[in-house]
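Peer 1: Right, I'll just put the structure down here and ask away after.
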Amino acid sequence: MTLYLQLMKITRDAKTTYRYLSSSSGVNKKIVSRFFPVYTHHLSKAVLMHLQNERSEWVLRQGLQTGLKLNPDGTFVLQFPPSNGRSDTGRIWTSYDCSRKQHWLTVYKNGSLGRFLMKDSHQSSSMSESEMNNQVKQSVEKLIEKLDTTQN
């Protein structure tokens, strides 16, 4: 039987996680992990939260649970896992078009590309946070629908 005990210590630069692994033989091992704070744009965060909270089974079926990369500008890329010897099997990402002031959710898989508008700053300046989150969720659902129809 193995027991995990996790303690958090917050330092100025990072969260340090201490895990103590204890086994039935009485051997204790200290495992230290450091987590640095990363900026994530609130729209990217809303996409990731929706995928985690509402579509986690879909994420697991697609193999996306290990392919997350957070970019310094607050966007992200979710890489599909390699298959059949191919390393680039597609990805989902968020981006911002500076010239048009638009936030996009984009998917590329099996030669198919789909872009879904999450926010147009010219049109949505009066939107509430709730309305914005609903628009993001709709974009995520459209993306999932597109992927599911192109895979079948």
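Following the order of the structure tokens, first chain is A, next is B, and so on, with residues numbered from 1 inside each chain and ligands from 1 in the order they appear.
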Just the residues within 10 Å of A:Asn134, please, counting only C-alpha atoms, with nothing from its chain fewer than 6 positions along; format it as an NGL selection string.

Peer 2: :A and (46 or 118 or 128 or 140)

Peer 1: Once you have the residues from the selection above, write them out as a PDB file, in the first residue's frame, restricted to N, CA, C and O atoms.

Peer 2:
ATOM      1  N   ALA A  46     -11.435  30.090 -20.522  1.00  0.00           N
ATOM      2  CA  ALA A  46     -12.835  29.660 -20.624  1.00  0.00           C
ATOM      3  C   ALA A  46     -12.961  28.425 -21.516  1.00  0.00           C
ATOM      4  O   ALA A  46     -13.734  27.507 -21.214  1.00  0.00           O
ATOM      5  N   MET A 118     -14.558  33.597 -31.255  1.00  0.00           N
ATOM      6  CA  MET A 118     -14.948  33.636 -29.848  1.00  0.00           C
ATOM      7  C   MET A 118     -15.337  35.040 -29.431  1.00  0.00           C
ATOM      8  O   MET A 118     -16.264  35.229 -28.653  1.00  0.00           O
ATOM      9  N   SER A 128     -21.762  41.103 -21.561  1.00  0.00           N
ATOM     10  CA  SER A 128     -21.450  40.763 -20.177  1.00  0.00           C
ATOM     11  C   SER A 128     -20.511  39.557 -20.158  1.00  0.00           C
ATOM     12  O   SER A 128     -20.346  38.866 -21.168  1.00  0.00           O
ATOM     13  N   VAL A 140     -16.720  26.293 -28.769  1.00  0.00           N
ATOM     14  CA  VAL A 140     -16.148  24.981 -28.435  1.00  0.00           C
ATOM     15  C   VAL A 140     -17.070  23.873 -28.932  1.00  0.00           C
ATOM     16  O   VAL A 140     -16.608  22.889 -29.533  1.00  0.00           O
TER      17      VAL A 140
END

Peer 1: Using only C-alpha atoms, which protein or nucleic acid residues come within 10 Å of A:Val136? Drop anything in the same chain fewer than 2 positions from it, and give the result as a list of chain:residue names.

Peer 2: A:Leu43, A:Ser44, A:Ala46, A:Val47, A:His50, A:His103, A:Trp104, A:Leu105, A:Phe116, A:Leu117, A:Met118, A:Lys119, A:Ser130, A:Glu131, A:Met132, A:Asn133, A:Asn134, A:Gln138, A:Ser139, A:Val140, A:Glu141, A:Lys142

Peer 1: Stretch 46-127 of chain A: which residues are strand (DSSP E or B) by DSSP, as a ChimeraX atom specification?

Peer 2: /A:68-70,76-79,83,86,91-97,102-109,112-120

Peer 1: Looking at A:Gly85, A:Lys69, A:Glu129, A:Leu64, which one is nearest to A:Gln52, with distances taken over only C-alpha atoms?

Peer 2: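 Closest residue, counting only C-alpha atoms: A:Leu64.
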
Peer 1: Would you list, as a list in words, the residues of stretch 19-118 of chain A that end up in helix (DSSP H, G or I) under DSSP run on this structure's backbone?

Peer 2: His42, Leu43, Ser44, Lys45, Ala46, Val47, Leu48, Met49, His50, Leu51, Gln52, Asn53, Glu54, Ser56, Glu57, Trp58, Val59, Leu60, Arg61, Gln62, Leu64, Gln65 and Thr66 of chain A

Peer 1: So that I can see what lies close to A:Pro81, please list as number ranges by chain the residues with an atom at most 9 Å from it, counting only C-alpha atoms and leaving out residues fewer than 4 positions away in the same chain.

Peer 2: A: 62-64, 66-67, 87-90

Peer 1: In Å, rounded to a single decimal, give me how far atom CA of A:Leu48 is from atom CA of A:Tyr96.

Peer 2: 16.1 Å

Peer 1: Just the number, please: distance in Å from atom CA of A:His42 to atom CA of A:Arg100, one decimal.

Peer 2: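 Computed distance, atom CA of A:His42 to atom CA of A:Arg100, equals 18.6 Å.
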
Peer 1: Counting only C-alpha atoms, what is within 8 Å of A:His41, bar same-chain residues fewer than 2 positions away, as a PyMOL selection string?

Peer 2: chain A and resi 39+43-45+73-75

Peer 1: Could you please determine the separation between atom CA of A:Ser121 and atom CA of A:Leu68 in Å, to one decimal place?

Peer 2: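 Computing it gives 26.2 Å between the two atoms.
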